[in-house]
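**Q** Below you'll find start_14.txt; it's compact mmCIF, C-alpha atoms.
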```
# COMPACT_ATOMS: atom_id res chain seq x y z
CA MET A 265 0.00 0.00 0.00
CA CYS A 266 1.33 3.38 -0.98
CA THR A 267 -0.21 5.25 1.92
CA TYR A 268 0.34 8.93 1.63
CA SER A 269 -1.44 8.99 5.01
CA THR A 270 0.14 11.81 6.97
CA GLU A 271 -0.82 13.73 10.11
CA LYS A 272 1.08 16.88 10.96
CA LEU A 273 1.16 18.76 14.24
CA ASP A 274 2.95 21.73 15.72
CA VAL A 275 5.27 20.99 18.60
CA GLU A 276 6.22 23.70 21.07
CA ARG A 277 8.47 24.00 24.12
CA SER A 278 9.91 20.62 23.21
CA SER A 279 13.33 19.33 22.23
CA GLY A 280 14.83 16.37 20.48
CA LYS A 281 18.29 14.92 20.17
CA GLY A 282 19.52 14.25 16.65
CA ALA A 283 22.82 13.49 15.00
CA GLU A 284 24.22 16.90 16.01
CA GLY A 285 22.86 17.03 19.56
CA TRP A 286 19.82 18.67 21.11
CA PHE A 287 17.65 21.09 19.21
CA PRO A 288 14.21 22.69 19.67
CA LEU A 289 11.34 20.88 17.90
CA ARG A 290 8.83 22.73 15.74
CA THR A 291 6.67 20.10 14.00
CA ALA A 292 5.96 16.38 13.97
CA THR A 293 4.65 14.30 11.09
CA VAL A 294 3.06 10.94 11.79
CA TYR A 295 2.42 8.55 8.93
CA TYR A 296 1.99 4.91 7.99
CA ASP A 297 4.30 4.05 5.13
CA HIS A 298 7.40 2.18 4.07
CA PRO A 299 10.15 2.28 6.67
CA VAL A 300 13.77 2.94 5.79
CA HIS A 301 15.11 0.49 8.37
CA ALA A 302 12.45 -1.41 10.36
CA PRO A 303 11.74 -4.96 9.11
CA ASP A 304 8.10 -4.53 8.02
CA ASP A 305 6.43 -3.45 4.78
CA HIS A 306 4.80 -0.56 6.57
CA THR A 307 5.37 1.07 9.93
CA VAL A 308 4.03 3.98 11.94
CA ASN A 309 6.66 6.61 11.41
CA ILE A 310 7.18 9.78 13.38
CA ASP A 311 9.49 12.59 12.31
CA PHE A 312 10.15 15.33 14.84
CA LEU A 313 11.49 18.24 12.84
CA ASN A 314 12.85 21.73 12.99
CA PRO A 315 12.60 23.07 9.42
CA GLU A 316 14.57 26.24 10.27
CA ARG A 317 17.60 24.10 11.00
CA GLY A 318 17.40 22.05 7.80
CA PRO A 319 16.46 18.48 6.86
CA GLY A 320 19.06 16.97 9.19
CA ALA A 321 17.33 18.45 12.27
CA ARG A 322 15.19 15.37 12.62
CA VAL A 323 14.44 12.75 15.24
CA ALA A 324 12.86 9.79 13.48
CA VAL A 325 11.29 6.55 14.65
CA GLU A 326 9.72 3.68 12.71
CA LEU A 327 7.37 1.65 14.92
CA SER A 328 5.59 -1.63 14.28
CA LEU A 329 1.85 -1.30 14.60
CA ASP A 330 1.91 -3.14 17.95
CA SER A 331 4.68 -0.93 19.27
CA ALA A 332 2.82 2.18 18.14
CA LYS A 333 -0.30 1.03 19.99
CA ALA A 334 1.75 0.37 23.12
CA LEU A 335 3.26 3.85 22.79
CA ILE A 336 -0.19 5.43 22.57
CA GLU A 337 -1.21 3.67 25.79
CA ALA A 338 1.99 4.71 27.54
CA LEU A 339 1.53 8.32 26.43
CA GLN A 340 -2.09 8.26 27.57
CA VAL A 341 -1.20 6.95 31.01
CA THR A 342 1.67 9.38 31.35
CA VAL A 343 -0.35 12.41 30.28
CA GLU A 344 -3.16 11.49 32.67
CA ARG A 345 -0.71 11.10 35.54
CA ALA A 346 0.88 14.41 34.66
CA ALA A 347 -2.50 16.11 35.04
CA HIS A 348 -2.44 15.16 38.75
CA HIS A 349 0.98 16.66 39.39
CA MET B 857 33.31 -10.44 -25.06
CA ALA B 858 30.74 -7.74 -25.70
CA TYR B 859 31.68 -4.22 -24.63
CA ASP B 860 29.34 -3.43 -21.73
CA ALA B 861 30.74 -0.38 -19.93
CA VAL B 862 28.28 2.05 -18.40
CA ILE B 863 28.85 5.37 -16.68
CA ALA B 864 26.84 6.23 -13.56
CA GLU B 865 27.09 9.67 -12.00
CA THR B 866 25.37 12.53 -10.21
CA ILE B 867 24.61 15.42 -12.55
CA GLY B 868 22.71 18.71 -12.58
CA ILE B 869 19.71 19.12 -14.88
CA GLN B 870 17.35 21.99 -15.47
CA GLY B 871 13.97 21.21 -13.95
CA ALA B 872 10.74 23.12 -13.32
CA ASN B 873 11.04 26.92 -13.44
CA GLY B 874 14.55 26.56 -14.83
CA ASP B 875 15.90 25.44 -11.45
CA VAL B 876 19.03 23.32 -11.59
CA ILE B 877 18.39 20.17 -9.58
CA GLU B 878 20.42 17.13 -8.72
CA ALA B 879 19.84 13.93 -10.70
CA TYR B 880 21.43 10.53 -11.00
CA SER B 881 22.19 9.20 -14.46
CA ALA B 882 23.54 5.96 -15.89
CA ARG B 883 24.25 5.42 -19.59
CA PRO B 884 25.83 2.82 -21.84
CA PHE B 885 29.25 3.87 -23.01
CA ASP B 886 29.34 2.30 -26.46
CA GLY B 887 27.96 5.24 -28.48
CA ALA B 888 25.08 3.34 -30.12
CA ALA B 889 21.77 5.18 -30.52
CA ARG B 890 19.71 4.76 -27.36
CA GLY B 891 16.26 5.45 -26.00
CA GLY B 892 15.99 7.26 -22.68
CA VAL B 893 14.19 6.42 -19.44
CA VAL B 894 13.27 8.86 -16.68
CA VAL B 895 13.00 7.01 -13.37
CA ILE B 896 10.59 8.72 -10.94
CA HIS B 897 11.53 7.78 -7.40
CA HIS B 898 9.03 6.70 -4.76
CA MET B 899 7.87 8.85 -1.88
CA PRO B 900 10.60 7.56 0.50
CA GLY B 901 13.00 9.39 -1.73
CA TYR B 902 15.91 9.59 -4.09
CA ASP B 903 17.58 6.64 -2.49
CA ARG B 904 19.93 3.77 -3.13
CA GLU B 905 17.16 1.59 -4.57
CA SER B 906 16.17 4.27 -7.07
CA LYS B 907 19.78 4.65 -8.16
CA GLU B 908 20.07 0.88 -8.59
CA THR B 909 17.05 1.01 -10.89
CA VAL B 910 18.73 3.73 -12.95
CA ARG B 911 21.84 1.58 -13.36
CA ARG B 912 19.70 -1.40 -14.33
CA PHE B 913 18.23 0.52 -17.24
CA ALA B 914 21.71 1.52 -18.40
CA VAL B 915 22.87 -2.09 -18.29
CA GLU B 916 19.79 -3.00 -20.34
CA GLY B 917 20.76 -0.48 -23.00
CA TYR B 918 19.01 2.79 -22.12
CA ASN B 919 20.19 6.23 -21.14
CA ALA B 920 18.54 6.66 -17.75
CA VAL B 921 18.15 9.51 -15.29
CA CYS B 922 16.37 9.97 -11.97
CA PRO B 923 15.77 13.58 -10.88
CA ASN B 924 15.94 14.25 -7.16
CA LEU B 925 12.40 15.50 -6.65
CA TYR B 926 13.30 16.74 -3.16
CA HIS B 927 16.40 18.68 -4.16
CA ARG B 928 14.81 22.07 -3.55
CA GLU B 929 13.63 21.29 -0.01
CA ALA B 930 16.72 19.41 1.04
CA PRO B 931 19.81 19.86 -1.14
CA GLY B 932 22.54 17.46 -0.09
CA ALA B 933 20.49 15.89 2.69
CA ALA B 934 20.33 12.18 3.43
CA PRO B 935 17.52 10.65 1.33
CA ASP B 936 15.37 9.77 4.35
CA ASP B 937 15.75 13.25 5.87
CA ALA B 938 14.89 14.80 2.50
CA ALA B 939 11.80 12.60 2.18
CA ALA B 940 10.68 13.58 5.70
CA THR B 941 11.09 17.26 4.86
CA ALA B 942 9.15 16.91 1.60
CA ARG B 943 6.35 15.03 3.34
CA ALA B 944 6.10 17.66 6.07
CA ASN B 945 5.80 20.29 3.31
CA GLY B 946 2.88 18.48 1.71
CA GLY B 947 4.73 16.46 -0.91
CA VAL B 948 5.75 17.38 -4.44
CA PRO B 949 3.29 19.61 -6.35
CA ASP B 950 2.19 18.08 -9.65
CA ASP B 951 3.27 21.04 -11.78
CA ARG B 952 6.77 20.96 -10.33
CA LEU B 953 6.98 17.21 -10.91
CA VAL B 954 5.97 17.65 -14.54
CA GLY B 955 8.58 20.38 -14.99
CA ASP B 956 11.32 18.29 -13.43
CA VAL B 957 10.50 15.24 -15.56
CA ALA B 958 10.25 17.44 -18.67
CA GLY B 959 13.74 18.70 -17.85
CA ALA B 960 15.02 15.15 -17.40
CA ALA B 961 13.45 14.09 -20.71
CA GLY B 962 14.99 17.08 -22.45
CA TRP B 963 18.37 16.27 -20.99
CA LEU B 964 18.10 12.68 -22.26
CA ARG B 965 17.18 13.89 -25.74
CA SER B 966 20.17 16.25 -25.73
CA LEU B 967 22.63 13.37 -25.35
CA PRO B 968 24.70 12.71 -28.47
CA ASN B 969 23.55 9.07 -28.65
CA SER B 970 19.84 9.78 -28.03
CA ASN B 971 17.44 8.27 -30.55
CA GLY B 972 14.92 10.95 -29.52
CA ARG B 973 12.58 8.58 -27.73
CA VAL B 974 11.97 8.82 -23.98
CA GLY B 975 9.82 6.87 -21.55
CA THR B 976 9.02 7.28 -17.87
CA ILE B 977 8.67 4.77 -15.06
CA GLY B 978 7.65 5.34 -11.47
CA PHE B 979 7.06 3.26 -8.41
CA CYS B 980 4.44 3.84 -5.66
CA SER B 981 3.73 7.59 -5.65
CA GLY B 982 5.98 7.72 -8.72
CA GLY B 983 3.54 5.39 -10.50
CA ARG B 984 0.86 8.05 -10.37
CA GLN B 985 3.43 10.65 -11.39
CA ALA B 986 4.50 8.52 -14.39
CA PHE B 987 0.86 8.40 -15.46
CA LEU B 988 0.71 12.18 -15.02
CA THR B 989 3.71 12.63 -17.32
CA ALA B 990 1.89 10.60 -19.99
CA LEU B 991 -0.90 13.19 -19.79
CA GLU B 992 1.35 16.21 -19.86
CA LEU B 993 4.52 15.49 -21.80
CA ASP B 994 5.78 14.39 -25.20
CA ILE B 995 6.96 10.92 -24.23
CA GLN B 996 6.71 7.57 -25.99
CA GLY B 997 5.59 5.41 -23.07
CA ALA B 998 4.96 5.43 -19.33
CA VAL B 999 5.14 2.62 -16.78
CA ASP B 1000 2.95 2.94 -13.70
CA CYS B 1001 4.07 0.52 -11.01
CA TYR B 1002 1.30 0.38 -8.41
CA GLY B 1003 0.60 4.09 -8.26
CA ALA B 1004 -2.22 5.04 -5.87
CA PHE B 1005 -4.80 7.75 -6.59
CA VAL B 1006 -4.61 7.61 -10.39
CA VAL B 1007 -8.27 6.92 -9.75
CA GLY B 1008 -10.01 7.00 -6.36
CA GLU B 1009 -10.29 9.98 -4.06
CA PRO B 1010 -7.76 10.54 -1.26
CA PRO B 1011 -9.40 10.57 2.18
CA GLU B 1012 -10.92 13.80 3.48
CA GLY B 1013 -8.54 16.11 5.30
CA PHE B 1014 -5.63 14.61 3.39
CA PRO B 1015 -2.63 16.91 3.85
CA LEU B 1016 -0.65 15.95 0.75
CA ARG B 1017 -1.12 17.55 -2.64
CA VAL B 1018 -2.49 14.60 -4.57
CA ARG B 1019 -5.53 14.59 -6.79
CA PRO B 1020 -6.83 11.71 -8.90
CA LEU B 1021 -6.32 11.75 -12.67
CA GLY B 1022 -9.23 9.59 -13.83
CA ASP B 1023 -11.10 12.54 -15.35
CA ARG B 1024 -8.09 13.27 -17.56
CA VAL B 1025 -7.62 9.82 -19.13
CA GLY B 1026 -8.89 11.19 -22.45
CA GLU B 1027 -5.84 13.50 -22.56
CA LEU B 1028 -3.37 10.62 -22.46
CA ARG B 1029 -0.57 11.21 -25.00
CA ALA B 1030 1.46 8.00 -24.62
CA PRO B 1031 0.88 4.27 -24.15
CA VAL B 1032 0.80 3.09 -20.54
CA LEU B 1033 2.09 -0.11 -19.01
CA GLY B 1034 0.57 -0.82 -15.58
CA MET B 1035 1.95 -3.29 -13.05
CA PHE B 1036 -0.24 -4.16 -10.07
CA GLY B 1037 -0.51 -6.62 -7.19
CA ASN B 1038 -3.93 -8.10 -6.55
CA ASP B 1039 -3.41 -7.89 -2.76
CA ASP B 1040 -2.68 -4.16 -2.88
CA ALA B 1041 -5.08 -1.77 -1.15
CA HIS B 1042 -3.76 1.43 -2.84
CA PRO B 1043 -4.41 0.93 -5.70
CA SER B 1044 -7.04 -1.71 -4.99
CA PRO B 1045 -8.05 -4.24 -7.67
CA ALA B 1046 -11.35 -2.33 -7.99
CA GLU B 1047 -9.44 0.90 -8.68
CA VAL B 1048 -7.30 -0.87 -11.28
CA ASP B 1049 -10.54 -2.15 -12.87
CA GLU B 1050 -11.87 1.40 -12.92
CA LEU B 1051 -8.72 2.77 -14.55
CA GLU B 1052 -8.77 0.00 -17.14
CA LYS B 1053 -12.39 0.80 -17.98
CA LEU B 1054 -11.57 4.47 -18.42
CA LEU B 1055 -8.67 3.63 -20.72
CA GLN B 1056 -10.86 1.32 -22.79
CA GLU B 1057 -13.65 3.88 -23.05
CA ALA B 1058 -11.17 6.53 -24.17
CA GLY B 1059 -9.64 4.15 -26.71
CA LYS B 1060 -6.16 4.58 -25.26
CA GLU B 1061 -3.27 2.17 -25.71
CA TYR B 1062 -2.43 0.38 -22.49
CA GLU B 1063 -1.20 -2.94 -21.14
CA PHE B 1064 -1.90 -4.07 -17.57
CA HIS B 1065 -0.33 -6.96 -15.70
CA ARG B 1066 -1.86 -7.99 -12.40
CA TYR B 1067 -0.25 -10.52 -10.10
CA ASP B 1068 -1.87 -12.84 -7.56
CA ASP B 1069 -0.36 -13.35 -4.08
CA THR B 1070 1.33 -10.00 -4.59
CA GLY B 1071 0.81 -6.69 -2.84
CA HIS B 1072 2.24 -3.22 -3.06
CA SER B 1073 5.90 -2.58 -3.74
CA PHE B 1074 6.60 -6.08 -5.04
CA PHE B 1075 9.66 -4.95 -7.04
CA SER B 1076 11.47 -3.88 -3.83
CA VAL B 1077 14.11 -6.55 -3.40
CA ASP B 1078 15.09 -5.63 0.15
CA ARG B 1079 11.61 -5.33 1.61
CA PRO B 1080 9.27 -8.08 2.84
CA ALA B 1081 6.87 -7.10 0.03
CA TYR B 1082 9.26 -8.48 -2.60
CA ARG B 1083 7.65 -11.18 -4.75
CA PRO B 1084 10.37 -12.72 -6.91
CA MET B 1085 8.08 -14.47 -9.43
CA SER B 1086 5.98 -11.36 -10.00
CA ALA B 1087 9.00 -9.06 -10.11
CA VAL B 1088 10.97 -11.21 -12.54
CA ASP B 1089 7.99 -11.43 -14.88
CA GLY B 1090 7.30 -7.75 -14.33
CA TRP B 1091 10.81 -6.69 -15.37
CA GLN B 1092 10.47 -8.77 -18.54
CA LYS B 1093 7.23 -6.96 -19.35
CA ILE B 1094 8.82 -3.56 -18.65
CA PHE B 1095 11.80 -4.21 -20.89
CA ALA B 1096 9.58 -5.58 -23.66
CA PHE B 1097 7.42 -2.45 -23.44
CA PHE B 1098 10.36 -0.07 -23.57
CA ALA B 1099 11.99 -2.09 -26.38
CA ALA B 1100 8.81 -1.63 -28.42
CA LYS B 1101 8.28 2.04 -27.57
CA LEU B 1102 11.82 3.35 -27.20
CA GLY B 1103 13.69 1.17 -29.64
CA GLY B 1104 15.99 -0.51 -27.17
CA GLU B 1105 16.89 -4.17 -27.20
CA ALA B 1106 14.45 -6.61 -25.58
```
Re-express the file's structure as structure tokens.

**A**
Amino acid sequence: MCTYSTEKLDVERSSGKGAEGWFPLRTATVYYDHPVHAPDDHTVNIDFLNPERGPGARVAVELSLDSAKALIEALQVTVERAAHH
Amino acid sequence: MAYDAVIAETIGIQGANGDVIEAYSARPFDGAARGGVVVIHHMPGYDRESKETVRRFAVEGYNAVCPNLYHREAPGAAPDDAAATARANGGVPDDRLVGDVAGAAGWLRSLPNSNGRVGTIGFCSGGRQAFLTALELDIQGAVDCYGAFVVGEPPEGFPLRVRPLGDRVGELRAPVLGMFGNDDAHPSPAEVDELEKLLQEAGKEYEFHRYDDTGHSFFSVDRPAYRPMSAVDGWQKIFAFFAAKLGGEA
């Protein structure tokens, strides 16, 4: 499947660590498509980007569908807990 | 022994709006008259696999070139970073794609050994773009390898700049070879049926090959989607098509 499926969100007051160290994040794209490295035909891919700093300012992950679901649950739990802090 | 040298190199070509963009070319070295092939890379980018495909066409007797469709967003970047940047920007606009492929075709025709004939081939998103070039450009054949959204509407709220081309089938200027897997969801077998019907109704020259037990991206040798039987047969069909349309050797 050639899924062009892409969600894009703004990211603020957040940072990521890439090949050249830490940098502020500006956007994230989330999509289901061919991975570069993970051993599946399709994976849930997330690119955290800072366009002002060029294409290399990128933190990328390629997650199996099961791992992506587990990540959603972990984020949900963590965000809910954070609300009580 | 037959002389079989090829040259493979990164070059600059003039693309849409006269911009000079990076491209990868491979050509036979023997000086014989040759047809040209523009390879349109898939959405994951101007990568090693795309360059291997370019070299394959040269070995098979064609002048071949693959423009880096993401050169403007990400000059010199790693292919995966460039693809991520292009995706975040909404993908490649159709008019820019057409201009870049027109530039690549013009460059091929300017080669001293060009026989004047040029075809296009694209994989995944490039399959739709190859079909688009057959609508827009003076080419002698186009190969659409499992391109989604040639027909069929993208989902609502879709952030990438892709529109279907079914309403433009009557404008087709070149024969089309289509390669599809029957287990693919994008394009689905029903969408391939629909495209075939449109081509028949418009009286256009086309040739479709559809493979069972085969899904999307079945030519990709280093992905789980690879289907050797389908891919081997598919390459034979592609080279036969280009031999007939571009005057290469089958």

**Q** Measure the distance from atom CA of His1065 of chain B to atom CA of Gly975 of chain B in Å and round it to one decimal.

**A**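 Result for atom CA of His1065 of chain B versus atom CA of Gly975 of chain B: 18.1 Å, one decimal.
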
**Q** Please determine the contact residues of chain B with respect to chain A at a cut-off of 9 Å, counting all atoms listed in the file, and supply them as a PyMOL selection string.

**A** chain B and resi 899-900+929-931+933-934+936-941+943-944+946+980-981+1002-1004+1010-1011+1014-1016+1018+1040-1044+1071-1073+1079-1081

**Q** Select, from B:Thr1070, B:Arg928, B:Arg912, B:Val876, the residue with the minimum atom-to-atom distance to Pro1084 of chain B, counting only C-alpha atoms.

**A**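 Once distances to Pro1084 of chain B are computed over only C-alpha atoms, the minimum belongs to B:Thr1070.
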
**Q** With distances taken over only C-alpha atoms, which residue among B:Ile877, B:Ile863, B:Val1032, B:Val1048 lies nearest Phe1097 of chain B?

**A**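 Among the listed residues, the smallest separation from Phe1097 of chain B belongs to B:Val1032.
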
**Q** Looking at B:Leu1051, B:Leu953, B:Ala958, B:Ile995, which one is nearest to Gly1022 of chain B, with distances taken over all atoms listed in the file?

**A** B:Leu1051

**Q** First collect every listed atom of segment 958-961 of chain B; then fit an axis-aligned box around them, widen it by 5 Å on each side, and give centre and edge lengths in Å to one decimal, as JSON.

**A**
```
{"center_x": 12.6, "center_y": 16.4, "center_z": -19.1, "size_x": 14.8, "size_y": 14.6, "size_z": 13.3}
```

**Q** Go ahead and compute the interatomic distance for atom CA of Gln996 of chain B and atom CA of Arg973 of chain B, in Å to one decimal.

**A** 6.2 Å

**Q** Rounded to one decimal in Å, what is the spacing between atom CA of Arg883 of chain B and atom CA of Phe1036 of chain B?

**A**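 Atom CA of Phe1036 of chain B lies 28.0 Å from atom CA of Arg883 of chain B.
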
**Q** As a ChimeraX atom specification, please: the residues near Phe287 of chain A (cut-off 9 Å, all atoms listed in the file, same-chain neighbours under 6 positions excluded).

**A** /A:278-281,314,317,321

**Q** Quick one: everything within 9 Å of Val957 of chain B, counting only C-alpha atoms, minus sequence neighbours fewer than 6 positions away in the same chain. Send it as a list in words.

**A** Gly871, Ala872, Val894, Val895, Ile896, Cys922, Pro923, Thr976, Thr989 and Leu993 of chain B

**Q** Next, the residues of the selection above should be written as a tab-separated table (two decimals), in the coordinates of the input with C-alpha atoms.

**A**
```tsv
chain	number	residue	atom	x	y	z
B	871	GLY	CA	13.97	21.21	-13.95
B	872	ALA	CA	10.74	23.12	-13.32
B	894	VAL	CA	13.27	8.86	-16.68
B	895	VAL	CA	13.00	7.01	-13.37
B	896	ILE	CA	10.59	8.72	-10.94
B	922	CYS	CA	16.37	9.97	-11.97
B	923	PRO	CA	15.77	13.58	-10.88
B	976	THR	CA	9.02	7.28	-17.87
B	989	THR	CA	3.71	12.63	-17.32
B	993	LEU	CA	4.52	15.49	-21.80
```

**Q** Using all atoms listed in the file, can you tell me which of A:Ala346, A:Val308, A:Leu289, A:Leu335 comes closest to Val275 of chain A?

**A**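 For Val275 of chain A, the nearest of the given residues is A:Leu289.
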
**Q** Check the smallest atom-to-atom distance from each of A:His349, A:Ala283, A:Glu276, A:Thr307 to Ala332 of chain A using only C-alpha atoms, then report the winner.

**A** A:Thr307

**Q** B:Leu1021, B:Asp860, B:Asp1078, B:Gly1037: which is nearest Glu908 of chain B, counting all atoms listed in the file?

**A** B:Asp1078

**Q** Enumerate, as a PyMOL selection string, the protein, DNA and RNA residues whose atoms approach (6.7, -10.3, -19.2) to within 12 Å, taking into account only C-alpha atoms and the coordinate frame of the file.

**A** chain B and resi 1033-1035+1063-1067+1085-1098+1106

**Q** Mind dumping the selected residues with C-alpha atoms as a CSV table (one decimal), keeping the file's coordinate frame?

**A**
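This went into again.csv:
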```
chain,number,residue,atom,x,y,z
B,1033,LEU,CA,2.1,-0.1,-19.0
B,1034,GLY,CA,0.6,-0.8,-15.6
B,1035,MET,CA,2.0,-3.3,-13.0
B,1063,GLU,CA,-1.2,-2.9,-21.1
B,1064,PHE,CA,-1.9,-4.1,-17.6
B,1065,HIS,CA,-0.3,-7.0,-15.7
B,1066,ARG,CA,-1.9,-8.0,-12.4
B,1067,TYR,CA,-0.2,-10.5,-10.1
B,1085,MET,CA,8.1,-14.5,-9.4
B,1086,SER,CA,6.0,-11.4,-10.0
B,1087,ALA,CA,9.0,-9.1,-10.1
B,1088,VAL,CA,11.0,-11.2,-12.5
B,1089,ASP,CA,8.0,-11.4,-14.9
B,1090,GLY,CA,7.3,-7.8,-14.3
B,1091,TRP,CA,10.8,-6.7,-15.4
B,1092,GLN,CA,10.5,-8.8,-18.5
B,1093,LYS,CA,7.2,-7.0,-19.4
B,1094,ILE,CA,8.8,-3.6,-18.6
B,1095,PHE,CA,11.8,-4.2,-20.9
B,1096,ALA,CA,9.6,-5.6,-23.7
B,1097,PHE,CA,7.4,-2.4,-23.4
B,1098,PHE,CA,10.4,-0.1,-23.6
B,1106,ALA,CA,14.4,-6.6,-25.6
```

**Q** Can you find the residues with an atom no farther than 8 Å from (15.8, 15.0, -8.9), counting only C-alpha atoms, and report them as a PyMOL selection string?

**A** chain B and resi 877-880+902+922-927+956
